[in-house]
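Chemist: My structure file coords_39.cif, mmCIF, C-alpha atoms, is below:
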```cif
data_protein
loop_
_atom_site.label_atom_id
_atom_site.label_comp_id
_atom_site.auth_asym_id
_atom_site.auth_seq_id
_atom_site.Cartn_x
_atom_site.Cartn_y
_atom_site.Cartn_z
CA MET A 716 -2.41 -126.74 -104.67
CA VAL A 717 -3.55 -123.55 -106.37
CA ASN A 718 -4.13 -119.96 -105.38
CA ASP A 719 -7.60 -118.40 -105.58
CA ASP A 720 -6.59 -116.74 -108.85
CA GLY A 721 -5.52 -120.04 -110.41
CA THR A 722 -1.80 -119.53 -110.09
CA THR A 723 0.51 -121.97 -108.38
CA PRO A 724 2.36 -120.97 -105.18
CA ALA A 725 6.14 -120.77 -105.47
CA ALA A 726 6.51 -123.76 -103.15
CA ASP A 727 4.29 -126.00 -105.32
CA ARG A 728 5.02 -125.36 -108.98
CA SER A 729 5.26 -128.97 -110.18
CA HIS A 730 1.69 -128.91 -111.48
CA GLY A 731 -0.45 -125.87 -112.22
CA VAL A 732 0.06 -122.46 -113.80
CA THR A 733 2.55 -119.86 -112.66
CA TYR A 734 1.78 -116.19 -113.17
CA GLU A 735 4.28 -113.38 -112.81
CA VAL A 736 4.23 -109.73 -113.88
CA THR A 737 7.39 -107.73 -114.50
CA ASP A 738 7.53 -104.31 -116.13
CA GLY A 739 4.08 -104.59 -117.61
CA VAL A 740 4.55 -108.10 -119.04
CA ALA A 741 2.57 -111.01 -117.60
CA VAL A 742 4.14 -114.44 -118.02
CA LEU A 743 1.91 -117.50 -117.70
CA GLU A 744 3.58 -120.90 -117.63
CA LEU A 745 1.89 -124.29 -117.85
CA CYS A 746 3.51 -126.53 -115.27
CA GLY A 747 2.74 -130.19 -115.91
CA PRO A 748 5.95 -131.34 -117.59
CA SER A 749 5.74 -134.99 -116.55
CA SER A 750 2.58 -135.41 -118.64
CA GLY A 751 3.55 -133.12 -121.51
CA ASN A 752 1.30 -130.46 -119.94
CA ALA A 753 -1.73 -132.64 -120.61
CA LEU A 754 -4.87 -130.71 -119.76
CA ASP A 755 -6.39 -132.46 -116.78
CA ALA A 756 -9.08 -130.80 -114.67
CA HIS A 757 -6.57 -129.07 -112.41
CA LEU A 758 -4.44 -127.61 -115.20
CA ARG A 759 -7.47 -126.55 -117.24
CA GLY A 760 -9.03 -124.82 -114.27
CA ALA A 761 -5.79 -123.13 -113.25
CA LEU A 762 -5.22 -121.82 -116.77
CA LEU A 763 -8.76 -120.46 -117.02
CA LEU A 764 -8.42 -118.65 -113.69
CA ALA A 765 -5.02 -117.27 -114.72
CA ALA A 766 -6.48 -116.04 -118.03
CA ARG A 767 -9.26 -114.27 -116.14
CA ARG A 768 -6.70 -112.70 -113.82
CA LEU A 769 -4.79 -111.53 -116.89
CA THR A 770 -7.89 -109.85 -118.27
CA THR A 771 -8.33 -108.02 -114.96
CA ASP A 772 -4.67 -107.07 -114.84
CA THR A 773 -4.81 -105.41 -118.26
CA ALA A 774 -6.66 -102.59 -116.49
CA ARG A 775 -3.90 -102.47 -113.85
CA GLY A 776 -0.86 -101.90 -116.00
CA VAL A 777 -0.24 -105.20 -117.83
CA ARG A 778 0.53 -104.24 -121.43
CA ALA A 779 1.46 -107.59 -123.01
CA ALA A 780 1.49 -111.28 -122.07
CA LEU A 781 3.47 -114.43 -122.77
CA LEU A 782 2.10 -117.95 -122.46
CA THR A 783 4.70 -120.68 -122.34
CA ALA A 784 5.14 -124.14 -120.84
CA ARG A 785 7.61 -126.04 -118.72
CA GLY A 786 9.26 -129.18 -120.02
CA LYS A 787 9.80 -130.66 -123.47
CA HIS A 788 6.28 -130.05 -124.79
CA PHE A 789 3.97 -127.06 -124.94
CA CYS A 790 0.80 -129.12 -124.57
CA VAL A 791 -0.24 -132.59 -125.73
CA GLY A 792 -3.93 -131.72 -125.41
CA GLN A 793 -6.60 -133.24 -123.23
CA ASP A 794 -5.41 -135.66 -120.53
CA LEU A 795 -6.63 -138.94 -122.05
CA GLN A 796 -6.18 -140.93 -118.84
CA GLU A 797 -8.63 -138.61 -117.12
CA HIS A 798 -10.92 -138.78 -120.14
CA ALA A 799 -10.86 -142.60 -120.16
CA ARG A 800 -11.78 -142.73 -116.47
CA LEU A 801 -14.76 -140.49 -117.09
CA LEU A 802 -15.88 -142.49 -120.12
CA ASP A 803 -15.86 -145.63 -117.99
CA GLY A 804 -17.24 -144.23 -114.74
CA GLU A 805 -19.11 -141.00 -115.47
CA PRO A 806 -19.77 -140.84 -119.23
CA ALA A 807 -22.20 -137.94 -118.84
CA LYS A 808 -19.30 -135.82 -117.58
CA ALA A 809 -16.73 -136.90 -120.18
CA PHE A 810 -17.27 -133.84 -122.36
CA ALA A 811 -18.28 -131.31 -119.71
CA ASN A 812 -14.76 -129.88 -120.02
CA ILE A 813 -15.70 -128.27 -123.34
CA PRO A 814 -18.42 -125.86 -122.12
CA ASN A 815 -16.95 -125.56 -118.62
CA ASP A 816 -13.25 -125.07 -119.39
CA TYR A 817 -12.16 -124.96 -123.02
CA ASN A 818 -14.86 -122.67 -124.39
CA PRO A 819 -14.53 -119.96 -121.71
CA LEU A 820 -10.72 -120.21 -121.87
CA VAL A 821 -10.59 -119.69 -125.64
CA LYS A 822 -13.08 -116.82 -125.39
CA GLU A 823 -11.04 -115.19 -122.61
CA LEU A 824 -7.75 -115.43 -124.49
CA ASN A 825 -9.24 -114.22 -127.77
CA ALA A 826 -10.85 -111.22 -126.08
CA LEU A 827 -7.66 -109.99 -124.39
CA PRO A 828 -7.16 -106.30 -125.14
CA VAL A 829 -3.35 -106.61 -124.98
CA PRO A 830 -1.04 -108.59 -127.28
CA LEU A 831 -0.59 -112.25 -126.39
CA VAL A 832 2.57 -114.13 -127.40
CA VAL A 833 2.71 -117.93 -127.21
CA ALA A 834 6.03 -119.80 -127.16
CA VAL A 835 5.88 -123.41 -128.36
CA GLU A 836 8.41 -126.19 -127.87
CA GLY A 837 7.84 -129.85 -128.68
CA ALA A 838 4.29 -131.11 -129.17
CA CYS A 839 1.37 -128.74 -129.61
CA VAL A 840 -1.70 -130.79 -130.44
CA GLY A 841 -5.45 -130.97 -129.93
CA ALA A 842 -6.70 -128.49 -127.36
CA GLY A 843 -3.08 -127.36 -126.91
CA LEU A 844 -3.13 -126.24 -130.53
CA GLY A 845 -6.42 -124.46 -129.91
CA ILE A 846 -4.85 -122.54 -127.03
CA ALA A 847 -1.78 -121.62 -129.11
CA LEU A 848 -4.02 -120.37 -131.92
CA CYS A 849 -5.46 -117.77 -129.53
CA ALA A 850 -2.17 -115.87 -129.66
CA ASP A 851 -1.49 -112.74 -131.65
CA VAL A 852 2.13 -113.80 -132.15
CA ARG A 853 3.53 -117.34 -132.01
CA VAL A 854 7.17 -118.36 -131.63
CA ALA A 855 8.23 -121.98 -132.06
CA GLY A 856 11.33 -124.02 -131.45
CA GLU A 857 12.80 -125.70 -134.52
CA GLY A 858 11.64 -129.11 -133.36
CA ALA A 859 8.09 -128.10 -132.48
CA ARG A 860 5.39 -130.21 -134.07
CA PHE A 861 1.71 -129.58 -134.46
CA ALA A 862 -1.42 -131.63 -135.14
CA THR A 863 -5.15 -131.34 -134.72
CA ALA A 864 -5.23 -134.95 -133.38
CA PHE A 865 -9.01 -135.08 -132.93
CA GLY A 866 -9.77 -137.39 -135.86
CA GLY A 867 -7.47 -140.09 -134.54
CA LEU A 868 -9.67 -140.22 -131.45
CA GLY A 869 -12.89 -140.45 -133.43
CA LEU A 870 -13.75 -136.83 -132.66
CA ALA A 871 -14.18 -133.62 -134.67
CA SER A 872 -12.64 -130.61 -132.91
CA ASP A 873 -13.02 -128.28 -129.97
CA SER A 874 -11.15 -125.31 -128.48
CA GLY A 875 -11.89 -123.28 -131.61
CA VAL A 876 -9.34 -125.20 -133.69
CA ALA A 877 -11.46 -125.61 -136.83
CA ARG A 878 -12.51 -121.95 -136.88
CA ALA A 879 -9.01 -120.62 -136.25
CA LEU A 880 -7.36 -122.84 -138.86
CA VAL A 881 -9.89 -122.26 -141.61
CA ARG A 882 -9.66 -118.48 -141.07
CA GLN A 883 -5.87 -118.58 -141.28
CA LEU A 884 -5.21 -121.40 -143.75
CA GLY A 885 -8.39 -121.73 -145.80
CA PRO A 886 -10.72 -124.75 -146.11
CA SER A 887 -8.54 -127.02 -148.26
CA ARG A 888 -5.41 -127.13 -146.11
CA THR A 889 -7.51 -127.15 -142.95
CA GLY A 890 -9.48 -130.09 -144.33
CA GLY A 891 -6.29 -132.08 -144.76
CA LEU A 892 -5.11 -131.25 -141.27
CA MET A 893 -8.48 -132.05 -139.70
CA LEU A 894 -9.64 -135.07 -141.73
CA LEU A 895 -6.34 -136.75 -142.55
CA GLY A 896 -4.72 -135.79 -139.28
CA ASP A 897 -1.61 -134.52 -141.04
CA ARG A 898 1.10 -133.37 -138.68
CA PHE A 899 3.08 -130.27 -139.51
CA SER A 900 6.42 -128.89 -138.42
CA ALA A 901 7.48 -125.53 -137.06
CA ARG A 902 8.83 -124.64 -140.51
CA ASP A 903 5.52 -125.63 -142.13
CA ALA A 904 3.72 -123.42 -139.63
CA GLU A 905 6.09 -120.56 -140.38
CA ASP A 906 5.63 -120.97 -144.14
CA TRP A 907 1.84 -120.97 -143.73
CA GLY A 908 1.84 -117.91 -141.50
CA LEU A 909 0.77 -119.71 -138.32
CA VAL A 910 4.10 -119.01 -136.62
CA HIS A 911 5.79 -115.62 -136.64
CA ARG A 912 9.30 -116.90 -135.94
CA VAL A 913 11.15 -120.21 -135.61
CA VAL A 914 14.13 -120.30 -133.26
CA PRO A 915 16.58 -122.97 -132.08
CA ASP A 916 15.06 -125.52 -129.71
CA GLY A 917 15.01 -124.30 -126.13
CA ARG A 918 14.91 -120.63 -127.16
CA ALA A 919 11.19 -120.14 -127.80
CA ALA A 920 10.36 -118.82 -124.33
CA ALA A 921 13.25 -116.35 -124.33
CA GLU A 922 12.38 -115.10 -127.80
CA GLY A 923 8.71 -114.90 -126.85
CA LEU A 924 9.54 -112.87 -123.76
CA ALA A 925 11.66 -110.47 -125.82
CA LEU A 926 8.73 -109.95 -128.20
CA ALA A 927 6.29 -109.50 -125.32
CA ARG A 928 8.56 -106.86 -123.78
CA ARG A 929 8.82 -105.11 -127.13
CA LEU A 930 5.03 -105.08 -127.42
CA ALA A 931 4.65 -103.84 -123.84
CA ASP A 932 6.84 -100.87 -124.73
CA GLY A 933 4.73 -100.09 -127.78
CA PRO A 934 1.52 -98.10 -128.39
CA THR A 935 -0.80 -100.50 -126.59
CA ALA A 936 -3.88 -98.34 -127.15
CA ALA A 937 -3.27 -98.78 -130.88
CA TYR A 938 -2.69 -102.52 -130.38
CA ARG A 939 -6.02 -102.82 -128.60
CA GLU A 940 -7.85 -101.16 -131.49
CA THR A 941 -5.88 -103.20 -134.04
CA LYS A 942 -6.91 -106.43 -132.36
CA ALA A 943 -10.56 -105.34 -132.47
CA LEU A 944 -10.27 -104.53 -136.18
CA LEU A 945 -8.69 -107.90 -136.89
CA ARG A 946 -11.45 -109.74 -135.02
CA SER A 947 -14.15 -108.00 -137.06
CA ALA A 948 -12.37 -108.00 -140.43
CA ALA A 949 -13.43 -111.40 -141.77
CA GLY A 950 -17.14 -110.73 -141.33
CA SER A 951 -17.11 -107.10 -142.51
CA THR A 952 -18.08 -105.66 -145.86
CA LEU A 953 -15.59 -103.23 -147.37
CA PRO A 954 -17.71 -100.13 -146.55
CA THR A 955 -18.13 -101.31 -142.95
CA ALA A 956 -14.43 -102.04 -142.57
CA LEU A 957 -13.47 -98.64 -143.98
CA GLU A 958 -15.87 -96.85 -141.65
CA ARG A 959 -14.56 -98.74 -138.62
CA GLU A 960 -11.01 -97.82 -139.56
CA ALA A 961 -11.96 -94.17 -139.88
CA VAL A 962 -13.60 -94.16 -136.45
CA VAL A 963 -10.62 -95.94 -134.87
CA GLN A 964 -8.07 -93.62 -136.45
CA ARG A 965 -9.92 -90.55 -135.20
CA ARG A 966 -10.06 -92.04 -131.71
CA LEU A 967 -6.37 -92.97 -131.70
CA GLY A 968 -5.48 -89.59 -133.15
CA ALA A 969 -6.54 -88.03 -129.86
CA THR A 970 -4.22 -90.20 -127.75
CA SER A 971 -0.99 -88.99 -126.23
CA ASP A 972 0.78 -91.95 -127.86
CA HIS A 973 -0.04 -90.65 -131.34
CA HIS A 974 1.08 -87.14 -130.51
CA GLU A 975 4.26 -88.51 -128.93
CA ALA A 976 5.00 -90.60 -132.03
CA VAL A 977 4.59 -87.60 -134.35
CA ARG A 978 6.75 -85.44 -132.07
CA ALA A 979 9.46 -88.11 -131.92
CA PHE A 980 9.40 -88.60 -135.69
CA LEU A 981 9.92 -84.90 -136.31
CA ALA A 982 12.61 -84.76 -133.63
CA ARG A 983 14.26 -87.89 -135.04
CA CYS A 984 14.23 -89.70 -131.71
CA ALA A 985 12.53 -92.79 -130.29
CA PRO A 986 8.99 -92.28 -128.93
CA VAL A 987 8.05 -93.24 -125.38
CA PHE A 988 4.59 -94.77 -125.40
CA ARG A 989 2.31 -94.73 -122.34
CA GLY A 990 -0.64 -96.74 -123.66
CA HIS A 991 -3.10 -93.86 -123.70
#
```
Just give me the structure as structure tokens.

Modeler:
Amino acid sequence: MVNDDGTTPAADRSHGVTYEVTDGVAVLELCGPSSGNALDAHLRGALLLAARRLTTDTARGVRAALLTARGKHFCVGQDLQEHARLLDGEPAKAFANIPNDYNPLVKELNALPVPLVVAVEGACVGAGLGIALCADVRVAGEGARFATAFGGLGLASDSGVARALVRQLGPSRTGGLMLLGDRFSARDAEDWGLVHRVVPDGRAAAEGLALARRLADGPTAAYRETKALLRSAAGSTLPTALEREAVVQRRLGATSDHHEAVRAFLARCAPVFRGH
């Protein structure tokens, strides 16, 4: 059972996506623990609808978001039992999930104007890795493990994994992860800059929520512009990047958050940001 917005009712949270907002922080939780949060049609659809709701809610006071998962694993990727049934019975539909679910989901999460934190425990592979790579900040439990996993299935990649990894790790390391299927640990991910912080197992969600609350209390107008600059940086020439920064700084300089920050600095007190 799922609500119209993709979230799961309180009475039926064994499979779906829960969505709760408290003090400007939206928390989305994958709820399919018995399958390692494998992305079957229901869970994919619920997550896409919840991501779209999140986009809408950023205009209604949501200032940061956390995506986490119930159970031992963040996400083991595509539900292969579902995939096998489609290959056998409806092969023409076996890969419809990419344009219908994964592509719009990754676009939605990447386009969020507010900071997105993802908390990872256990396995984070395949499309699950692609979803985690949409985050601005990632927190992982010590025992978290990652893999692209596509090559072992005779596939290339989807969910934006190849693009995200090559932009963050470069072509050589990404080639090893994609072609050889090398797994990597939470500490590897931290060393490579894919994970912001590694915490004891079972603490990723709590740490992620603390970071999301910290971001929600921050200058979210500046965060929105920063995210836009980061998205355009890789494809920009230096003159273009400098001009964009100049335009953004002038725009942010007119916000109450900037004026509040300067006032607080001179007064030697903590600023109170409003997001405008």

Chemist: Could you list the residues chosen by the PyMOL selection byres ((chain A and resi 843) around 8) in this structure as a PyMOL selection string?

Modeler: chain A and resi 789-793+839-842+844-847

Chemist: Between A:Glu940, A:Glu960, A:Asp755, A:Asp794, which is the closest to Ala826 in chain A once you count all atoms listed in the file?

Modeler: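 Distance minimum relative to Ala826 in chain A lands on A:Glu940.
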
Chemist: Mind listing as a compact mmCIF listing (two decimals) with C-alpha atoms, in the frame of the given file all residues within 10 Å of (16.6, -123.1, -130.2), counting all atoms listed in the file?

Modeler:
```txt
# COMPACT_ATOMS: atom_id res chain seq x y z
CA GLU A 836 8.41 -126.19 -127.87
CA ALA A 855 8.23 -121.98 -132.06
CA GLY A 856 11.33 -124.02 -131.45
CA GLU A 857 12.80 -125.70 -134.52
CA GLY A 858 11.64 -129.11 -133.36
CA VAL A 913 11.15 -120.21 -135.61
CA VAL A 914 14.13 -120.30 -133.26
CA PRO A 915 16.58 -122.97 -132.08
CA ASP A 916 15.06 -125.52 -129.71
CA GLY A 917 15.01 -124.30 -126.13
CA ARG A 918 14.91 -120.63 -127.16
CA ALA A 919 11.19 -120.14 -127.80
CA ALA A 920 10.36 -118.82 -124.33
CA ALA A 921 13.25 -116.35 -124.33
CA GLU A 922 12.38 -115.10 -127.80
```

Chemist: What would the selection look like, as JSON, numbers by chain, if the PyMOL selection byres ((chain A and resi 884-890) around 12) were run on the coordinates I just shared?

Modeler: {"A": [848, 862, 863, 866, 871, 872, 876, 877, 878, 879, 880, 881, 882, 883, 891, 892, 893, 894, 895, 896, 897, 898, 899, 903, 904, 905, 906, 907, 908, 909, 910]}

Chemist: For a test of reading the model, state the distance in Å between CA of Asp972 in chain A and CA of Ala937 in chain A, rounded to one decimal.

Modeler: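 It comes out at 8.5 Å.
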
Chemist: Just how far from CA of Gly739 in chain A is CA of Arg946 in chain A, in Å to one decimal?

Modeler: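 According to the coordinates, CA of Arg946 in chain A and CA of Gly739 in chain A are separated by 23.9 Å.
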
Chemist: Convert the output of the PyMOL selection byres ((chain A and resi 766) around 10) on the shown file into explicit residues, formatted as a list in words.

Modeler: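 Answer for the PyMOL selection byres ((chain A and resi 766) around 10): Asp720, Gly721, Thr722, Tyr734, Leu743, Gly760, Ala761, Leu762, Leu763, Leu764, Ala765, Arg767, Arg768, Leu769, Thr770, Thr771, Asp772, Leu782, Pro819, Leu820, Val821, Lys822, Glu823, Leu824 and Leu827 of chain A.
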
Chemist: Taking 4 positions as the minimum chain separation for residues in the same chain, which residues sit within 10 Å of range 961-964 of chain A when counting all atoms listed in the file? Answer as a PyMOL selection string.

Modeler: chain A and resi 937+940-941+943-944+955-957+968-969+973

Chemist: Could you check which of A:Leu967, A:Leu870, A:Ala850, A:Ala864 is closest to Pro828 in chain A, using only C-alpha atoms?

Modeler: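 Distance minimum relative to Pro828 in chain A lands on A:Ala850.
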
Chemist: So how many Å separate CA of Arg860 in chain A and CA of Ala838 in chain A, to one decimal?

Modeler: 5.1 Å

Chemist: Of the residues A:His757, A:Lys808, A:Arg983, A:Arg853, which is the one nearest to Ala927 in chain A, using all atoms listed in the file?

Modeler: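 Result for the nearest residue to Ala927 in chain A: A:Arg853.
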
Chemist: Starting from the incomplete input, reconstruct all heavy atoms of range 939-950 of chain A and write that as a CSV table (one decimal), keeping the file's coordinate frame.

Modeler:
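Contents of the output file result_36.csv:
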```
chain,number,residue,atom,x,y,z
A,939,ARG,N,-4.7,-102.4,-129.0
A,939,ARG,CA,-6.0,-102.8,-128.6
A,939,ARG,C,-7.0,-102.6,-129.7
A,939,ARG,O,-7.8,-103.5,-130.0
A,939,ARG,CB,-6.4,-102.0,-127.4
A,939,ARG,CG,-7.8,-102.4,-126.8
A,939,ARG,CD,-8.1,-101.7,-125.5
A,939,ARG,NE,-7.9,-100.3,-125.5
A,939,ARG,CZ,-6.9,-99.6,-124.9
A,939,ARG,NH1,-6.0,-100.3,-124.3
A,939,ARG,NH2,-6.9,-98.3,-125.0
A,940,GLU,N,-6.9,-101.4,-130.4
A,940,GLU,CA,-7.8,-101.2,-131.5
A,940,GLU,C,-7.5,-102.0,-132.7
A,940,GLU,O,-8.5,-102.5,-133.4
A,940,GLU,CB,-7.7,-99.7,-131.9
A,940,GLU,CG,-8.1,-98.7,-130.8
A,940,GLU,CD,-9.7,-98.6,-130.7
A,940,GLU,OE1,-10.4,-99.4,-131.3
A,940,GLU,OE2,-10.1,-97.7,-129.9
A,941,THR,N,-6.3,-102.3,-132.9
A,941,THR,CA,-5.9,-103.2,-134.0
A,941,THR,C,-6.4,-104.6,-133.9
A,941,THR,O,-7.0,-105.2,-134.8
A,941,THR,CB,-4.3,-103.3,-134.2
A,941,THR,OG1,-3.8,-101.9,-134.4
A,941,THR,CG2,-3.9,-104.2,-135.3
A,942,LYS,N,-6.4,-105.1,-132.6
A,942,LYS,CA,-6.9,-106.4,-132.4
A,942,LYS,C,-8.4,-106.5,-132.6
A,942,LYS,O,-8.9,-107.4,-133.2
A,942,LYS,CB,-6.6,-106.9,-130.9
A,942,LYS,CG,-5.1,-107.2,-130.7
A,942,LYS,CD,-4.9,-107.7,-129.3
A,942,LYS,CE,-5.6,-109.0,-129.0
A,942,LYS,NZ,-5.1,-109.8,-127.9
A,943,ALA,N,-9.1,-105.4,-132.2
A,943,ALA,CA,-10.6,-105.3,-132.5
A,943,ALA,C,-10.9,-105.3,-134.0
A,943,ALA,O,-11.8,-106.0,-134.4
A,943,ALA,CB,-11.2,-104.1,-131.8
A,944,LEU,N,-10.1,-104.6,-134.7
A,944,LEU,CA,-10.3,-104.5,-136.2
A,944,LEU,C,-10.0,-105.9,-136.8
A,944,LEU,O,-10.8,-106.3,-137.7
A,944,LEU,CB,-9.3,-103.5,-136.8
A,944,LEU,CG,-9.7,-102.0,-136.6
A,944,LEU,CD1,-8.6,-101.2,-137.2
A,944,LEU,CD2,-11.0,-101.7,-137.3
A,945,LEU,N,-9.0,-106.6,-136.4
A,945,LEU,CA,-8.7,-107.9,-136.9
A,945,LEU,C,-9.8,-108.9,-136.6
A,945,LEU,O,-10.1,-109.7,-137.4
A,945,LEU,CB,-7.4,-108.4,-136.3
A,945,LEU,CG,-6.1,-107.7,-136.8
A,945,LEU,CD1,-4.9,-108.1,-136.0
A,945,LEU,CD2,-5.9,-107.9,-138.3
A,946,ARG,N,-10.4,-108.8,-135.4
A,946,ARG,CA,-11.4,-109.7,-135.0
A,946,ARG,C,-12.7,-109.5,-135.9
A,946,ARG,O,-13.4,-110.5,-136.2
A,946,ARG,CB,-11.8,-109.6,-133.5
A,946,ARG,CG,-10.8,-110.2,-132.6
A,946,ARG,CD,-11.4,-110.3,-131.2
A,946,ARG,NE,-11.6,-109.0,-130.6
A,946,ARG,CZ,-10.7,-108.4,-129.8
A,946,ARG,NH1,-9.5,-109.0,-129.5
A,946,ARG,NH2,-10.9,-107.2,-129.2
A,947,SER,N,-12.9,-108.3,-136.3
A,947,SER,CA,-14.2,-108.0,-137.1
A,947,SER,C,-13.9,-108.1,-138.6
A,947,SER,O,-14.9,-108.1,-139.3
A,947,SER,CB,-14.7,-106.6,-136.7
A,947,SER,OG,-13.8,-105.6,-137.1
A,948,ALA,N,-12.7,-108.2,-139.0
A,948,ALA,CA,-12.4,-108.0,-140.4
A,948,ALA,C,-13.0,-109.1,-141.3
A,948,ALA,O,-13.6,-108.7,-142.4
A,948,ALA,CB,-10.9,-108.0,-140.6
A,949,ALA,N,-13.0,-110.3,-140.9
A,949,ALA,CA,-13.4,-111.4,-141.8
A,949,ALA,C,-14.9,-111.3,-142.1
A,949,ALA,O,-15.4,-111.7,-143.2
A,949,ALA,CB,-13.1,-112.8,-141.1
A,950,GLY,N,-15.7,-110.8,-141.1
A,950,GLY,CA,-17.1,-110.7,-141.3
A,950,GLY,C,-17.6,-109.4,-141.8
A,950,GLY,O,-18.8,-109.1,-141.8
```
